[in-house]
$ cat model-v5.csv   # CSV, C-alpha atoms
chain,number,residue,atom,x,y,z
O,167,MET,CA,-10.4,7.3,-11.3
O,168,SER,CA,-6.7,7.7,-11.3
O,169,PHE,CA,-7.2,11.3,-12.4
O,170,LEU,CA,-9.2,11.8,-9.2
O,171,ALA,CA,-6.6,10.1,-7.1
O,172,GLY,CA,-3.9,12.2,-8.6
O,173,PHE,CA,-6.0,15.4,-8.1
O,174,LEU,CA,-6.5,14.5,-4.4
O,175,GLN,CA,-2.8,13.6,-4.0
O,176,GLU,CA,-1.9,17.0,-5.4
O,177,ASN,CA,-4.5,19.3,-3.8
O,178,GLY,CA,-5.9,17.3,-0.9
O,179,ALA,CA,-4.0,19.1,1.8
O,180,ALA,CA,-5.1,22.6,0.6
O,181,ILE,CA,-8.7,21.5,0.1
O,182,LEU,CA,-8.8,20.0,3.7
O,183,PHE,CA,-7.1,23.1,5.1
O,184,TYR,CA,-9.6,25.5,3.5
O,185,LEU,CA,-12.6,23.3,4.4
O,186,PHE,CA,-11.7,23.1,8.1
O,187,ALA,CA,-10.5,26.7,8.3
O,188,GLY,CA,-13.9,27.8,6.9
O,189,LEU,CA,-15.7,25.6,9.4
O,190,SER,CA,-13.7,26.9,12.4
O,191,LEU,CA,-14.3,30.5,11.3
O,192,ALA,CA,-18.0,29.9,10.8
O,193,GLY,CA,-18.2,28.3,14.3
O,194,ALA,CA,-16.3,31.2,15.8
O,195,VAL,CA,-18.6,33.7,14.3
O,196,GLY,CA,-21.6,31.7,15.5
O,197,VAL,CA,-20.2,31.8,19.1
O,198,VAL,CA,-20.1,35.6,19.2
O,199,THR,CA,-23.4,36.2,17.3
O,200,TRP,CA,-25.9,33.6,18.4
O,201,LYS,CA,-28.2,35.1,21.1
O,202,SER,CA,-28.8,31.8,22.8
O,203,PRO,CA,-25.8,30.4,24.7
O,204,MET,CA,-26.9,26.9,23.8
O,205,ASN,CA,-26.5,27.6,20.0
O,206,GLY,CA,-23.2,29.4,20.8
O,207,ALA,CA,-22.0,26.3,22.6
O,208,LEU,CA,-22.8,24.0,19.7
O,209,SER,CA,-21.0,26.5,17.3
O,210,LEU,CA,-18.1,26.3,19.7
O,211,LEU,CA,-18.1,22.5,19.3
O,212,VAL,CA,-17.8,22.9,15.5
O,213,THR,CA,-14.8,25.1,16.0
O,214,PHE,CA,-13.1,22.7,18.4
O,215,LEU,CA,-13.5,19.8,16.0
O,216,ALA,CA,-12.3,21.8,13.0
O,217,VAL,CA,-9.3,23.0,14.9
O,218,ALA,CA,-8.5,19.4,15.9
O,219,ALA,CA,-8.6,18.5,12.2
O,220,LEU,CA,-6.2,21.4,11.5
O,221,PHE,CA,-3.9,20.0,14.2
O,222,LEU,CA,-3.9,16.6,12.4
O,223,LEU,CA,-3.0,18.3,9.1
O,224,ARG,CA,0.1,19.7,10.8
O,225,HIS,CA,1.2,16.2,11.9
O,226,ALA,CA,0.2,16.9,15.5
O,227,GLY,CA,-1.9,13.7,15.9
O,228,PHE,CA,-1.8,13.3,19.6
O,229,VAL,CA,-2.6,17.0,20.3
O,230,GLY,CA,-5.5,16.7,17.9
O,231,ILE,CA,-7.0,13.7,19.7
O,232,VAL,CA,-6.4,15.5,23.1
O,233,GLN,CA,-8.2,18.5,21.6
O,234,ILE,CA,-11.2,16.4,20.8
O,235,PHE,CA,-11.2,14.6,24.2
O,236,VAL,CA,-10.6,17.7,26.4
O,237,TYR,CA,-12.3,20.4,24.5
O,238,GLY,CA,-15.0,18.5,22.6
O,239,GLY,CA,-15.6,16.2,25.5
O,240,GLY,CA,-14.8,17.7,28.8
O,241,ILE,CA,-15.1,21.5,28.4
O,242,MET,CA,-18.1,21.2,26.1
O,243,VAL,CA,-20.0,19.0,28.6
O,244,LEU,CA,-19.1,21.5,31.4
O,245,PHE,CA,-20.5,24.4,29.3
O,246,LEU,CA,-23.7,22.5,28.4
O,247,PHE,CA,-24.3,21.5,32.1
O,248,VAL,CA,-23.9,25.1,33.3
O,249,ILE,CA,-26.2,26.5,30.6
O,250,MET,CA,-28.8,24.0,31.8
O,251,LEU,CA,-28.2,24.8,35.4
O,252,VAL,CA,-28.6,28.6,35.0
O,253,ASN,CA,-32.1,28.2,33.5
O,254,LEU,CA,-32.0,29.9,30.1
O,255,ASN,CA,-35.5,31.4,30.4
O,256,ARG,CA,-34.3,33.8,33.1
O,257,ILE,CA,-31.5,35.2,31.1
O,258,GLU,CA,-32.8,38.6,29.9
O,259,ALA,CA,-33.8,39.0,26.3
O,260,SER,CA,-31.9,42.3,25.9
O,261,GLU,CA,-28.6,40.6,26.4
O,262,ARG,CA,-26.7,42.6,23.8
O,263,VAL,CA,-25.7,46.2,24.3
O,264,TRP,CA,-25.8,47.6,20.8
O,265,ARG,CA,-24.1,50.9,21.5
O,266,GLN,CA,-20.8,49.3,22.2
O,267,THR,CA,-20.8,47.0,19.2
O,268,PRO,CA,-19.1,49.5,16.9
O,269,TRP,CA,-16.4,50.1,19.4
O,270,ALA,CA,-15.9,46.4,20.0
O,271,LEU,CA,-15.6,45.9,16.2
O,272,LEU,CA,-13.2,48.8,15.9
O,273,LEU,CA,-10.9,47.5,18.7
O,274,SER,CA,-10.8,43.9,17.5
O,275,LEU,CA,-10.1,45.0,13.9
O,276,LEU,CA,-7.4,47.3,15.2
O,277,PHE,CA,-5.9,44.5,17.1
O,278,VAL,CA,-6.0,42.2,14.1
O,279,GLY,CA,-4.5,44.8,11.8
O,280,VAL,CA,-1.6,45.7,14.1
O,281,VAL,CA,-0.7,42.0,14.8
O,282,GLY,CA,-1.1,41.3,11.1
O,283,VAL,CA,1.4,44.0,10.2
O,284,ILE,CA,3.8,42.9,12.9
O,285,ALA,CA,3.6,39.3,11.7
O,286,ARG,CA,4.3,40.3,8.1
O,287,ALA,CA,7.2,42.5,9.0
O,288,ASN,CA,9.1,39.8,11.0
O,289,TRP,CA,8.3,37.0,8.6
O,290,ALA,CA,11.5,37.0,6.4
O,291,GLY,CA,13.8,36.1,9.2
O,292,VAL,CA,12.1,33.0,10.4
O,293,SER,CA,13.7,29.8,9.3
O,294,THR,CA,11.6,27.2,7.4
O,295,ALA,CA,14.2,24.4,7.6
O,296,GLY,CA,12.2,22.0,9.8
O,297,SER,CA,11.2,18.5,8.8
O,298,ALA,CA,7.9,17.0,9.7
O,299,GLU,CA,9.7,13.6,10.1
O,300,ARG,CA,11.2,14.9,13.4
O,301,LEU,CA,7.7,15.2,14.9
O,302,ARG,CA,7.4,11.4,14.9
O,303,THR,CA,10.9,10.1,15.5
O,304,PHE,CA,12.7,9.5,18.7
O,305,GLY,CA,16.3,8.4,19.1
O,306,GLY,CA,16.7,8.1,15.3
O,307,GLU,CA,13.8,5.7,14.7
O,308,VAL,CA,10.3,6.5,13.6
O,309,VAL,CA,8.0,5.7,16.6
O,310,GLY,CA,4.9,7.8,15.8
O,311,ASN,CA,3.8,11.2,17.1
O,312,PRO,CA,2.3,10.1,20.5
O,313,GLN,CA,5.4,8.2,21.6
O,314,ALA,CA,7.7,10.9,20.4
O,315,LEU,CA,5.7,13.5,22.3
O,316,GLY,CA,5.5,11.4,25.4
O,317,GLN,CA,9.3,10.9,25.4
O,318,GLU,CA,9.8,14.7,25.0
O,319,LEU,CA,7.3,15.4,27.7
O,320,PHE,CA,8.6,12.9,30.3
O,321,ARG,CA,12.3,13.3,29.6
O,322,HIS,CA,12.7,17.0,29.3
O,323,TYR,CA,9.5,18.6,30.7
O,324,LEU,CA,8.8,16.3,33.7
O,325,LEU,CA,8.7,19.1,36.3
O,326,PRO,CA,6.3,21.3,34.3
O,327,PHE,CA,4.1,18.2,33.8
O,328,GLU,CA,4.0,17.6,37.5
O,329,ILE,CA,3.2,21.3,38.2
O,330,ALA,CA,0.4,21.0,35.7
O,331,SER,CA,-1.1,18.1,37.7
O,332,LEU,CA,-0.8,20.3,40.8
O,333,PHE,CA,-2.5,23.1,39.0
O,334,LEU,CA,-5.4,20.8,38.0
O,335,LEU,CA,-5.8,19.7,41.6
O,336,VAL,CA,-6.0,23.4,42.7
O,337,ALA,CA,-8.5,24.1,39.9
O,338,MET,CA,-10.6,21.1,40.8
O,339,ILE,CA,-10.8,22.1,44.5
O,340,GLY,CA,-11.5,25.7,43.5
O,341,ALA,CA,-14.4,24.7,41.3
O,342,VAL,CA,-15.8,22.4,44.0
O,343,VAL,CA,-15.6,25.2,46.6
O,344,LEU,CA,-17.1,27.8,44.3
O,345,GLY,CA,-19.9,25.5,43.2
O,346,ARG,CA,-20.9,24.4,46.7
O,347,ARG,CA,-24.1,25.5,48.3
O,348,GLU,CA,-23.7,27.2,51.6
N,1378,MET,CA,-3.7,37.5,-10.1
N,1379,LYS,CA,-0.3,36.0,-11.2
N,1380,PRO,CA,0.1,32.2,-11.2
N,1381,SER,CA,2.8,32.5,-8.5
N,1382,ASP,CA,0.2,34.3,-6.2
N,1383,LEU,CA,-2.2,31.5,-6.8
N,1384,ALA,CA,0.4,28.9,-5.9
N,1385,SER,CA,1.2,30.7,-2.7
N,1386,VAL,CA,-2.4,30.7,-1.7
N,1387,TRP,CA,-2.8,27.0,-2.6
N,1388,ASN,CA,0.4,25.8,-1.0
N,1389,VAL,CA,-0.7,25.8,2.6
N,1390,GLY,CA,2.1,27.0,4.8
N,1391,THR,CA,2.7,28.4,8.3
N,1392,GLU,CA,1.5,31.9,7.2
N,1393,HIS,CA,-1.9,30.4,6.3
N,1394,TYR,CA,-2.2,29.0,9.8
N,1395,LEU,CA,-1.0,32.4,11.3
N,1396,ALA,CA,-3.7,34.2,9.3
N,1397,LEU,CA,-6.4,31.8,10.4
N,1398,SER,CA,-5.3,31.9,14.0
N,1399,LEU,CA,-5.3,35.8,13.9
N,1400,MET,CA,-8.8,35.8,12.6
N,1401,LEU,CA,-10.0,33.3,15.2
N,1402,PHE,CA,-8.3,35.3,18.0
N,1403,GLY,CA,-9.9,38.6,16.6
N,1404,ILE,CA,-13.4,37.0,16.6
N,1405,GLY,CA,-12.8,35.8,20.2
N,1406,LEU,CA,-11.6,39.2,21.3
N,1407,PHE,CA,-14.7,40.8,19.7
N,1408,GLY,CA,-16.9,38.4,21.6
N,1409,VAL,CA,-15.2,39.2,24.9
N,1410,ILE,CA,-15.6,42.9,24.4
N,1411,ASN,CA,-19.1,42.9,22.8
N,1412,ARG,CA,-21.1,40.3,24.7
N,1413,ARG,CA,-22.5,40.8,28.2
N,1414,ASN,CA,-23.3,37.2,29.0
N,1415,LEU,CA,-20.7,35.6,31.1
N,1416,ILE,CA,-21.2,32.2,29.4
N,1417,THR,CA,-20.5,33.6,26.0
N,1418,ILE,CA,-17.5,35.5,27.3
N,1419,LEU,CA,-16.0,32.3,28.6
N,1420,MET,CA,-16.7,30.6,25.3
N,1421,SER,CA,-14.9,33.5,23.5
N,1422,ILE,CA,-11.9,33.1,25.7
N,1423,GLU,CA,-11.8,29.4,24.7
N,1424,LEU,CA,-11.8,30.5,21.1
N,1425,MET,CA,-8.7,32.7,21.7
N,1426,LEU,CA,-6.9,29.9,23.5
N,1427,ASN,CA,-7.6,27.7,20.5
N,1428,ALA,CA,-6.2,30.3,18.2
N,1429,VAL,CA,-3.0,30.4,20.2
N,1430,ASN,CA,-2.7,26.6,20.1
N,1431,LEU,CA,-3.1,26.7,16.3
N,1432,ASN,CA,0.0,29.0,16.1
N,1433,LEU,CA,2.0,26.8,18.4
N,1434,VAL,CA,1.3,23.6,16.3
N,1435,ALA,CA,2.0,25.4,13.0
N,1436,PHE,CA,5.4,26.6,14.2
N,1437,SER,CA,6.1,23.2,15.7
N,1438,TYR,CA,5.5,21.7,12.2
N,1439,GLN,CA,7.6,24.4,10.5
N,1440,ARG,CA,10.6,23.9,12.7
N,1441,GLY,CA,10.3,20.2,13.1
N,1442,ASP,CA,10.4,20.7,16.8
N,1443,LEU,CA,8.1,18.9,19.3
N,1444,LEU,CA,8.3,21.7,21.8
N,1445,GLY,CA,5.4,23.5,20.3
N,1446,GLN,CA,3.2,20.5,20.7
N,1447,VAL,CA,4.4,20.0,24.3
N,1448,PHE,CA,3.5,23.6,25.0
N,1449,THR,CA,0.1,23.1,23.4
N,1450,MET,CA,-0.6,20.3,25.9
N,1451,PHE,CA,0.1,22.7,28.8
N,1452,THR,CA,-2.2,25.3,27.2
N,1453,ILE,CA,-5.0,22.8,26.9
N,1454,THR,CA,-4.5,21.9,30.6
N,1455,VAL,CA,-4.7,25.5,31.6
N,1456,ALA,CA,-7.8,26.0,29.4
N,1457,ALA,CA,-9.5,23.1,31.2
N,1458,GLY,CA,-8.7,24.5,34.6
N,1459,GLU,CA,-9.8,28.0,33.5
N,1460,ALA,CA,-13.1,26.7,32.2
N,1461,ALA,CA,-13.8,24.8,35.4
N,1462,VAL,CA,-13.1,27.7,37.7
N,1463,GLY,CA,-14.7,30.2,35.4
N,1464,LEU,CA,-17.9,28.3,35.3
N,1465,GLY,CA,-17.8,27.8,39.1
N,1466,ILE,CA,-17.6,31.6,39.4
N,1467,LEU,CA,-20.5,31.9,37.0
N,1468,LEU,CA,-22.6,29.5,39.1
N,1469,ALA,CA,-21.7,31.4,42.3
N,1470,MET,CA,-22.6,34.7,40.6
N,1471,PHE,CA,-25.9,33.3,39.3
N,1472,ARG,CA,-26.9,32.1,42.8
N,1473,LEU,CA,-26.1,35.5,44.2
N,1474,ARG,CA,-27.7,37.7,41.6
N,1475,GLN,CA,-30.1,35.5,39.5
N,1476,THR,CA,-28.3,36.7,36.3
N,1477,THR,CA,-25.2,35.9,34.2
N,1478,ARG,CA,-24.9,39.5,32.9
N,1479,VAL,CA,-21.4,40.8,33.7
N,1480,ASP,CA,-22.7,44.4,34.1
N,1481,ALA,CA,-24.9,43.3,37.0
N,1482,ALA,CA,-21.7,43.1,39.1
N,1483,GLN,CA,-20.6,46.7,39.5
N,1484,GLU,CA,-20.0,47.2,43.2
N,1485,LEU,CA,-16.4,48.2,42.5
N,1486,GLU,CA,-17.4,51.0,40.1
N,1487,GLY,CA,-16.1,54.3,41.2
$ encode --input "model-v5.csv" --output "structure tokens"
Amino acid sequence: MSFLAGFLQENGAAILFYLFAGLSLAGAVGVVTWKSPMNGALSLLVTFLAVAALFLLRHAGFVGIVQIFVYGGGIMVLFLFVIMLVNLNRIEASERVWRQTPWALLLSLLFVGVVGVIARANWAGVSTAGSAERLRTFGGEVVGNPQALGQELFRHYLLPFEIASLFLLVAMIGAVVLGRRE
Amino acid sequence: MKPSDLASVWNVGTEHYLALSLMLFGIGLFGVINRRNLITILMSIELMLNAVNLNLVAFSYQRGDLLGQVFTMFTITVAAGEAAVGLGILLAMFRLRQTTRVDAAQELEG
């Protein structure tokens, strides 16, 4: 039993990372390959939750919870409602255009390759001196990630925060106007 | 494979997150280019936004700086607004054309 505990202590982070990384990739592949948007939406939910777990593994507790609330709750419900509203049966069966799939694959692989090369080339100069402890301290004492994040947000980024609320108001009015029947 | 290679694979660091994020972004990009269904395209855009958030959080952890997490909050806000407006546009388009295929809207084609 103590061997198991020691093993998990040693390797738990890597096991969890690879587990959730695999889940998020599987969900992402599902989104772009399922024919039915409903299956795609449920795959997307798997990805959202796996990414939330990956946030937690990087000591971003509050962002992980917000990810579950906003993506897993709000955005997912929005998608599911719209899929029901547009009446799936009327979406044509021949949704995919096969002749452009090779080009799409080529372009995305090209993008991944180029960005991968750039990321490798610049890697040596980036400092790795940070301490995860600073993600949950404020004013020299450990207060937890949500409070530290809140202090940072409301002390230094109050104006962007207010602008974000204005943006949400505009988006809400826009969605209502677009969704209204004439 | 040398033992040091194995250790660098097993010690999860920022570069692992960057690689995962790049793969997620690539899959999302593929979805946007390949699919013709507006719902699936919007979902692929959400995938790409999630990949970017993963990068921000990974660098926030590496540098011990909360700014990355603050910025992630704003990205999530923008993603929520984008989803609401995008799905509103989708509904308006469906009412107009009875389809969600993006190639049904080609009035601006030369």
$ atom_distance --input "model-v5.csv" --atom1 "atom CA of O:Pro268" --atom2 "atom CA of O:Gly206"
20.9 Å
$ interface_residues --input "model-v5.csv" --of "chain N" --to "chain O" --cutoff "6 Å" --atoms "all atoms listed in the file" --output "VMD selection string"
chain N and resid 1387 1389 1403 1407 to 1408 1410 to 1411 1438 to 1441 1443 1458 1461 to 1462 1465
$ atom_distance --input "model-v5.csv" --atom1 "atom CA of N:Glu1392" --atom2 "atom CA of N:Ser1437"
13.0 Å
$ atom_distance --input "model-v5.csv" --atom1 "atom CA of N:Leu1424" --atom2 "atom CA of N:Gly1405"
5.5 Å
$ closest_residue --input "model-v5.csv" --among "N:Thr1417, N:Ser1385, N:Thr1452, N:Thr1391" --to "O:Leu208" --atoms "only C-alpha atoms"
N:Thr1417
$ closest_residue --input "model-v5.csv" --among "N:Asn1414, N:Thr1477, N:Asn1427, N:Ser1398" --to "O:Leu211" --atoms "only C-alpha atoms"
N:Asn1427
$ residues_around --input "model-v5.csv" --residues "N:Asn1432" --least-positions-apart "2" --cutoff "7 Å" --atoms "all atoms listed in the file" --output "JSON, numbers by chain"
{"N": [1394, 1395, 1398, 1428, 1429, 1430, 1434, 1435, 1436]}
$ decode --input "model-v5.csv" --residues "stretch 314-339 of chain O" --atoms "N, CA and C atoms" --output "short mmCIF file (atom, residue, chain, number, x, y, z; two decimals), in the first residue's frame"
data_model
loop_
_atom_site.label_atom_id
_atom_site.label_comp_id
_atom_site.auth_asym_id
_atom_site.auth_seq_id
_atom_site.Cartn_x
_atom_site.Cartn_y
_atom_site.Cartn_z
N ALA O 314 -6.22 35.32 -4.61
CA ALA O 314 -5.07 35.97 -5.25
C ALA O 314 -5.46 36.50 -6.63
N LEU O 315 -6.20 35.66 -7.36
CA LEU O 315 -6.63 36.07 -8.70
C LEU O 315 -7.57 37.26 -8.62
N GLY O 316 -8.48 37.23 -7.64
CA GLY O 316 -9.42 38.34 -7.48
C GLY O 316 -8.72 39.64 -7.14
N GLN O 317 -7.73 39.56 -6.24
CA GLN O 317 -6.97 40.77 -5.89
C GLN O 317 -6.26 41.33 -7.11
N GLU O 318 -5.63 40.43 -7.88
CA GLU O 318 -4.92 40.86 -9.09
C GLU O 318 -5.90 41.54 -10.06
N LEU O 319 -7.06 40.87 -10.23
CA LEU O 319 -8.04 41.34 -11.21
C LEU O 319 -8.60 42.71 -10.81
N PHE O 320 -8.98 42.86 -9.53
CA PHE O 320 -9.68 44.08 -9.14
C PHE O 320 -8.73 45.21 -8.75
N ARG O 321 -7.45 44.90 -8.48
CA ARG O 321 -6.52 45.96 -8.16
C ARG O 321 -5.86 46.52 -9.41
N HIS O 322 -5.42 45.60 -10.29
CA HIS O 322 -4.61 46.05 -11.43
C HIS O 322 -5.36 46.05 -12.74
N TYR O 323 -6.43 45.28 -12.84
CA TYR O 323 -7.10 45.15 -14.14
C TYR O 323 -8.58 45.48 -14.01
N LEU O 324 -8.90 46.52 -13.24
CA LEU O 324 -10.30 46.85 -13.02
C LEU O 324 -10.94 47.40 -14.28
N LEU O 325 -10.23 48.26 -15.01
CA LEU O 325 -10.81 48.84 -16.22
C LEU O 325 -11.09 47.78 -17.28
N PRO O 326 -10.12 46.87 -17.58
CA PRO O 326 -10.46 45.79 -18.52
C PRO O 326 -11.64 44.95 -18.05
N PHE O 327 -11.74 44.75 -16.73
CA PHE O 327 -12.85 43.97 -16.19
C PHE O 327 -14.19 44.65 -16.50
N GLU O 328 -14.23 45.97 -16.30
CA GLU O 328 -15.48 46.70 -16.57
C GLU O 328 -15.78 46.69 -18.06
N ILE O 329 -14.73 46.83 -18.88
CA ILE O 329 -14.94 46.79 -20.33
C ILE O 329 -15.48 45.42 -20.74
N ALA O 330 -15.01 44.36 -20.06
CA ALA O 330 -15.52 43.01 -20.37
C ALA O 330 -17.00 42.93 -20.07
N SER O 331 -17.44 43.58 -18.96
CA SER O 331 -18.87 43.52 -18.64
C SER O 331 -19.67 44.28 -19.71
N LEU O 332 -19.11 45.40 -20.19
CA LEU O 332 -19.77 46.14 -21.26
C LEU O 332 -19.87 45.28 -22.51
N PHE O 333 -18.76 44.56 -22.80
CA PHE O 333 -18.74 43.68 -23.96
C PHE O 333 -19.83 42.61 -23.85
N LEU O 334 -19.99 42.06 -22.64
CA LEU O 334 -21.01 41.02 -22.46
C LEU O 334 -22.41 41.60 -22.69
N LEU O 335 -22.62 42.86 -22.24
CA LEU O 335 -23.93 43.49 -22.47
C LEU O 335 -24.19 43.63 -23.96
N VAL O 336 -23.15 44.10 -24.71
CA VAL O 336 -23.31 44.26 -26.16
C VAL O 336 -23.60 42.91 -26.81
N ALA O 337 -22.86 41.86 -26.39
CA ALA O 337 -23.06 40.54 -26.98
C ALA O 337 -24.47 40.03 -26.68
N MET O 338 -24.95 40.30 -25.45
CA MET O 338 -26.29 39.83 -25.08
C MET O 338 -27.35 40.51 -25.94
N ILE O 339 -27.24 41.86 -26.07
CA ILE O 339 -28.22 42.58 -26.89
C ILE O 339 -28.14 42.08 -28.34
#
